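Note: the block below is protein_25.cif and it holds mmCIF, C-alpha atoms.
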```cif
data_coords
loop_
_atom_site.label_atom_id
_atom_site.label_comp_id
_atom_site.auth_asym_id
_atom_site.auth_seq_id
_atom_site.Cartn_x
_atom_site.Cartn_y
_atom_site.Cartn_z
CA MET W 1 -55.62 25.29 9.63
CA GLY W 2 -56.63 26.43 13.11
CA ASP W 3 -60.13 26.63 14.54
CA HIS W 4 -60.40 30.33 13.70
CA ASP W 5 -59.45 29.78 10.07
CA LYS W 6 -61.79 26.78 9.78
CA GLY W 7 -64.55 28.78 11.41
CA LEU W 8 -64.03 31.77 9.15
CA GLU W 9 -64.08 29.50 6.10
CA LEU W 10 -67.39 27.97 7.24
CA LEU W 11 -68.88 31.34 8.15
CA ARG W 12 -68.03 32.63 4.68
CA LEU W 13 -69.66 29.57 3.12
CA LEU W 14 -72.82 30.01 5.17
CA GLY W 15 -73.02 33.74 4.64
CA GLY W 16 -71.81 33.81 1.07
CA GLY W 17 -69.46 36.72 1.61
CA GLU W 18 -65.83 37.48 2.20
CA ASP W 19 -66.38 39.80 5.18
CA PRO W 20 -68.94 38.32 7.58
CA ALA W 21 -71.23 40.98 9.06
CA VAL W 22 -70.88 39.52 12.54
CA LEU W 23 -67.14 40.24 12.49
CA GLU W 24 -67.78 43.78 11.31
CA LEU W 25 -70.17 44.19 14.24
CA PHE W 26 -67.57 43.08 16.79
CA GLU W 27 -64.94 45.29 15.16
CA SER W 28 -67.24 48.33 15.23
CA VAL W 29 -67.51 48.12 19.01
CA GLY W 30 -63.84 47.40 19.64
CA ALA W 31 -64.31 43.70 20.36
CA THR W 32 -62.38 42.20 17.47
CA ASP W 33 -60.69 39.70 19.78
CA PHE W 34 -64.05 38.42 21.04
CA GLY W 35 -65.29 38.07 17.46
CA ALA W 36 -62.25 36.00 16.56
CA GLU W 37 -62.77 33.77 19.60
CA ALA W 38 -66.47 33.39 18.81
CA VAL W 39 -65.74 32.35 15.22
CA ALA W 40 -63.16 29.83 16.42
CA PHE W 41 -65.46 28.35 19.04
CA VAL W 42 -68.81 28.36 17.24
CA TYR W 43 -67.92 27.82 13.59
CA GLY W 44 -64.50 26.23 13.97
CA GLY W 45 -65.46 24.03 16.91
CA VAL W 46 -69.14 23.43 17.62
CA TYR W 47 -70.13 23.24 13.94
CA ARG W 48 -67.36 20.75 13.22
CA ARG W 49 -68.37 18.25 15.87
CA PRO W 50 -69.48 14.84 14.60
CA GLY W 51 -73.04 13.63 14.92
CA LEU W 52 -75.03 16.03 12.73
CA SER W 53 -74.69 17.09 9.14
CA LEU W 54 -74.15 20.74 8.37
CA ALA W 55 -77.66 20.91 6.90
CA GLN W 56 -79.13 19.40 10.08
CA ARG W 57 -77.22 21.94 12.19
CA GLN W 58 -78.66 24.77 10.13
CA LEU W 59 -82.20 23.40 10.30
CA VAL W 60 -81.92 22.93 14.07
CA THR W 61 -80.58 26.47 14.41
CA VAL W 62 -83.44 27.90 12.34
CA ALA W 63 -86.04 26.01 14.38
CA ALA W 64 -84.59 27.33 17.64
CA LEU W 65 -84.30 30.91 16.40
CA GLU W 66 -87.90 30.82 15.16
CA ALA W 67 -89.00 29.59 18.59
CA LEU W 68 -87.09 32.38 20.32
CA GLY W 69 -88.89 34.95 18.20
CA TYR W 70 -86.47 37.84 18.69
CA ALA W 71 -83.37 37.07 16.63
CA GLU W 72 -84.54 38.22 13.19
CA ALA W 73 -81.13 39.07 11.71
CA GLN W 74 -79.67 35.74 12.79
CA LEU W 75 -82.76 33.92 11.57
CA ARG W 76 -82.43 35.49 8.10
CA PHE W 77 -78.76 34.52 7.97
CA HIS W 78 -79.38 30.89 8.93
CA ARG W 79 -82.45 30.48 6.71
CA THR W 80 -80.32 31.55 3.76
CA ALA W 81 -77.48 29.28 4.89
CA VAL W 82 -79.73 26.21 4.87
CA ALA W 83 -79.84 26.15 1.08
CA LYS W 84 -76.08 26.75 0.82
CA VAL W 85 -75.41 23.50 2.65
CA GLY W 86 -78.01 21.39 0.87
CA GLY W 87 -80.86 21.69 3.34
CA ASP W 88 -84.53 22.37 2.70
CA LEU W 89 -86.69 24.38 5.09
CA ASP W 90 -89.92 22.77 3.92
CA SER W 91 -89.07 19.11 4.07
CA GLY W 92 -86.77 16.69 5.71
CA ASP W 93 -86.54 13.18 6.96
CA GLU W 94 -88.10 12.05 10.22
CA THR W 95 -84.79 12.36 12.06
CA THR W 96 -84.36 15.99 11.05
CA ARG W 97 -87.97 16.84 11.91
CA ARG W 98 -87.46 15.25 15.33
CA LEU W 99 -84.26 17.27 15.82
CA GLN W 100 -86.15 20.44 14.91
CA ARG W 101 -88.78 19.66 17.56
CA ILE W 102 -85.99 19.16 20.09
CA ALA W 103 -84.63 22.55 19.07
CA VAL W 104 -87.98 24.26 19.58
CA TYR W 105 -88.54 22.71 23.02
CA THR W 106 -84.97 23.44 24.10
CA ALA W 107 -85.30 27.07 22.99
CA LYS W 108 -88.67 27.58 24.66
CA GLY W 109 -87.80 26.02 27.99
CA GLY W 110 -90.51 25.14 30.47
CA VAL W 111 -91.78 22.31 28.26
CA ALA W 112 -90.04 19.38 29.92
CA PRO W 113 -92.78 16.81 29.23
CA GLU W 114 -92.84 17.62 25.52
CA LEU W 115 -89.05 17.59 25.28
CA ALA W 116 -88.89 14.30 27.16
CA ASP W 117 -91.40 12.79 24.73
CA VAL W 118 -89.43 13.73 21.63
CA LEU W 119 -86.13 12.69 23.24
CA ARG W 120 -87.75 9.34 24.04
CA GLU W 121 -88.79 9.05 20.38
CA ALA W 122 -85.19 9.79 19.34
CA ARG W 123 -83.86 7.21 21.80
CA ASP W 124 -86.30 4.59 20.57
CA ALA W 125 -85.34 5.33 16.95
CA GLY W 126 -81.63 4.87 17.77
CA GLU W 127 -80.98 8.61 17.38
CA PHE W 128 -80.23 9.61 20.96
CA GLY W 129 -76.67 10.65 20.09
CA GLU W 130 -77.95 12.99 17.39
CA ALA W 131 -80.51 14.41 19.81
CA VAL W 132 -77.83 15.16 22.40
CA GLU W 133 -75.60 16.70 19.74
CA ALA W 134 -78.46 18.96 18.65
CA ILE W 135 -78.84 20.18 22.23
CA LEU W 136 -75.10 20.80 22.54
CA HIS W 137 -75.17 22.72 19.25
CA LEU W 138 -78.02 24.88 20.51
CA ALA W 139 -76.10 26.08 23.56
CA VAL W 140 -74.59 28.85 21.44
CA TYR W 141 -77.98 29.96 20.12
CA VAL W 142 -80.43 29.57 22.99
CA GLY W 143 -78.04 29.79 25.91
CA PHE W 144 -76.03 27.47 28.06
CA PRO W 145 -78.68 27.22 30.82
CA ALA W 146 -81.36 26.16 28.33
CA ALA W 147 -79.04 23.51 26.89
CA LEU W 148 -78.09 22.24 30.35
CA ASN W 149 -81.76 21.95 31.28
CA ALA W 150 -82.44 19.96 28.11
CA LEU W 151 -79.45 17.71 28.81
CA GLY W 152 -80.83 17.12 32.29
CA ILE W 153 -84.04 15.86 30.73
CA ALA W 154 -82.03 13.67 28.37
CA ARG W 155 -80.13 12.25 31.34
CA THR W 156 -83.38 11.07 32.93
CA LEU W 157 -84.03 8.99 29.82
CA THR W 158 -80.64 7.31 30.02
CA SER W 159 -81.39 6.56 33.69
CA ASP W 160 -84.75 5.09 32.65
CA GLU W 161 -83.04 2.91 30.07
CA HIS W 162 -80.51 1.62 32.61
CA ARG W 163 -83.32 0.81 35.06
CA GLU W 164 -85.27 -1.04 32.34
CA ARG W 165 -82.24 -3.22 31.56
CA ALA W 166 -81.68 -4.12 35.23
#
```
Same coordinates, now as structure tokens:
Amino acid sequence: MGDHDKGLELLRLLGGGEDPAVLELFESVGATDFGAEAVAFVYGGVYRRPGLSLAQRQLVTVAALEALGYAEAQLRFHRTAVAKVGGDLDSGDETTRRLQRIAVYTAKGGVAPELADVLREARDAGEFGEAVEAILHLAVYVGFPAALNALGIARTLTSDEHRERA
């Protein structure tokens, strides 16, 4: 099964339907090829990366979309998808709550000290890999520049750690 087929399968699971609305949207504007590529990349690629559970990915996505404040249709979709993959919007373990805070700060931008603090918490808890994976995941929802900025903050923490060991 190729990335597109895997992505379509996952998109159908998350959305609970045979014909995902996002694909209908791309088709309606003559961009069917872009829709297929997007499904392959986002749902067949990014979502299948190791490091986060599917429920964590959905909760991180919801947190970021809530912080953005303008993506209501996508927010509804992903809130509904949380339950379909065994997540819970109202609770979660400390790791997931930390990942959600990372999502909010990454989405908002301009909050480097706060993001650095929560990334430091993740590093100290042995969850730095999960934190980085959450940021990578968010690139498709909050934008590549926002994710790169967050990764730059994460990099400063790895530099700090190397200096502390020396």
Could you tell me, as a CSV table (one decimal) with C-alpha atoms, keeping the file's coordinate frame, exactly which residues end up selected when the PyMOL selection byres ((chain W and resi 146) around 12) is applied to this structure?
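Output below, filename part07.csv:
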```csv
chain,number,residue,atom,x,y,z
W,64,ALA,CA,-84.6,27.3,17.6
W,68,LEU,CA,-87.1,32.4,20.3
W,102,ILE,CA,-86.0,19.2,20.1
W,103,ALA,CA,-84.6,22.6,19.1
W,104,VAL,CA,-88.0,24.3,19.6
W,105,TYR,CA,-88.5,22.7,23.0
W,106,THR,CA,-85.0,23.4,24.1
W,107,ALA,CA,-85.3,27.1,23.0
W,108,LYS,CA,-88.7,27.6,24.7
W,109,GLY,CA,-87.8,26.0,28.0
W,110,GLY,CA,-90.5,25.1,30.5
W,111,VAL,CA,-91.8,22.3,28.3
W,112,ALA,CA,-90.0,19.4,29.9
W,115,LEU,CA,-89.0,17.6,25.3
W,135,ILE,CA,-78.8,20.2,22.2
W,136,LEU,CA,-75.1,20.8,22.5
W,137,HIS,CA,-75.2,22.7,19.2
W,138,LEU,CA,-78.0,24.9,20.5
W,139,ALA,CA,-76.1,26.1,23.6
W,140,VAL,CA,-74.6,28.8,21.4
W,141,TYR,CA,-78.0,30.0,20.1
W,142,VAL,CA,-80.4,29.6,23.0
W,143,GLY,CA,-78.0,29.8,25.9
W,144,PHE,CA,-76.0,27.5,28.1
W,145,PRO,CA,-78.7,27.2,30.8
W,147,ALA,CA,-79.0,23.5,26.9
W,148,LEU,CA,-78.1,22.2,30.4
W,149,ASN,CA,-81.8,22.0,31.3
W,150,ALA,CA,-82.4,20.0,28.1
W,151,LEU,CA,-79.4,17.7,28.8
W,152,GLY,CA,-80.8,17.1,32.3
W,153,ILE,CA,-84.0,15.9,30.7
```
**Asked** Contacts of W:Gln100 at 8 Å or less, counting all atoms listed in the file, minus same-chain residues fewer than 6 places along, as an MDAnalysis selection string?
**Response** chainID W and resid 59:60 63:64
Expected file contents, prior selection, C-alpha atoms, as an mmCIF file, in the coordinates of the input:
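File written: result_20.cif
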```cif
data_model
loop_
_atom_site.group_PDB
_atom_site.id
_atom_site.type_symbol
_atom_site.label_atom_id
_atom_site.label_comp_id
_atom_site.auth_asym_id
_atom_site.auth_seq_id
_atom_site.Cartn_x
_atom_site.Cartn_y
_atom_site.Cartn_z
ATOM 1 C CA LEU W 59 -82.200 23.400 10.300
ATOM 2 C CA VAL W 60 -81.920 22.930 14.070
ATOM 3 C CA ALA W 63 -86.040 26.010 14.380
ATOM 4 C CA ALA W 64 -84.590 27.330 17.640
#
```
**Request:** Pull out every residue that the PyMOL selection byres ((chain W and resi 96) around 10) matches in the shown coordinates and put them as number ranges by chain.
**Result:** W: 52-53, 55-57, 59-60, 91-95, 97-102, 130-131
**Fill in**
Among W:Asp3, W:Glu18, W:Asp90, W:Glu66, W:Ala36 is approached most closely, using only C-alpha atoms, by W:Asp3
**Asked** Separation of atom CA of W:Arg48 and atom CA of W:Glu133, in Å?
**Response**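 Pair atom CA of W:Arg48 / atom CA of W:Glu133 returns 11.3 Å.
Distance-wise, atom CA of W:Ala116 and atom CA of W:His78 end up 26.4 Å apart.
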As AutoDock Vina command-line options: centre and edge lengths in Å, one decimal, of the axis-aligned box holding stretch 31-37 of chain W with 5 Å per side:
```
--center_x -63.0 --center_y 38.7 --center_z 18.8 --size_x 14.6 --size_y 19.9 --size_z 14.5
```
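Atom to atom, atom CA of W:Ser159 and atom CA of W:Glu114 stand 17.9 Å apart.
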**Asked** If you apply the PyMOL selection byres ((chain W and resi 41) around 12) to this file, what residues do you get, as a PyMOL selection string?
**Response** chain W and resi 2-8+10-11+34-40+42-49+137+139-140
Selection above as a file: C-alpha atoms, as a JSON list (two decimals), keeping the file's coordinate frame:
```
[["chain", "number", "residue", "atom", "x", "y", "z"],
["W", 2, "GLY", "CA", -56.63, 26.43, 13.11],
["W", 3, "ASP", "CA", -60.13, 26.63, 14.54],
["W", 4, "HIS", "CA", -60.40, 30.33, 13.70],
["W", 5, "ASP", "CA", -59.45, 29.78, 10.07],
["W", 6, "LYS", "CA", -61.79, 26.78, 9.78],
["W", 7, "GLY", "CA", -64.55, 28.78, 11.41],
["W", 8, "LEU", "CA", -64.03, 31.77, 9.15],
["W", 10, "LEU", "CA", -67.39, 27.97, 7.24],
["W", 11, "LEU", "CA", -68.88, 31.34, 8.15],
["W", 34, "PHE", "CA", -64.05, 38.42, 21.04],
["W", 35, "GLY", "CA", -65.29, 38.07, 17.46],
["W", 36, "ALA", "CA", -62.25, 36.00, 16.56],
["W", 37, "GLU", "CA", -62.77, 33.77, 19.60],
["W", 38, "ALA", "CA", -66.47, 33.39, 18.81],
["W", 39, "VAL", "CA", -65.74, 32.35, 15.22],
["W", 40, "ALA", "CA", -63.16, 29.83, 16.42],
["W", 42, "VAL", "CA", -68.81, 28.36, 17.24],
["W", 43, "TYR", "CA", -67.92, 27.82, 13.59],
["W", 44, "GLY", "CA", -64.50, 26.23, 13.97],
["W", 45, "GLY", "CA", -65.46, 24.03, 16.91],
["W", 46, "VAL", "CA", -69.14, 23.43, 17.62],
["W", 47, "TYR", "CA", -70.13, 23.24, 13.94],
["W", 48, "ARG", "CA", -67.36, 20.75, 13.22],
["W", 49, "ARG", "CA", -68.37, 18.25, 15.87],
["W", 137, "HIS", "CA", -75.17, 22.72, 19.25],
["W", 139, "ALA", "CA", -76.10, 26.08, 23.56],
["W", 140, "VAL", "CA", -74.59, 28.85, 21.44]]
```
**Asked** Between W:Val132, W:Arg79, W:Leu23, W:Ser28, which has the minimum distance to W:Leu65 (counting all atoms listed in the file)?
**Response**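 For W:Leu65, the nearest of the candidates is W:Arg79.
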**Prompt:** In terms of the shortest atom-to-atom distance over all atoms listed in the file, which of W:Asp19, W:Ala134, W:Leu157, W:Val85 is closest to W:Leu119?
**Reply:**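 Looking only at the distances to W:Leu119, the closest residue turns out to be W:Leu157.
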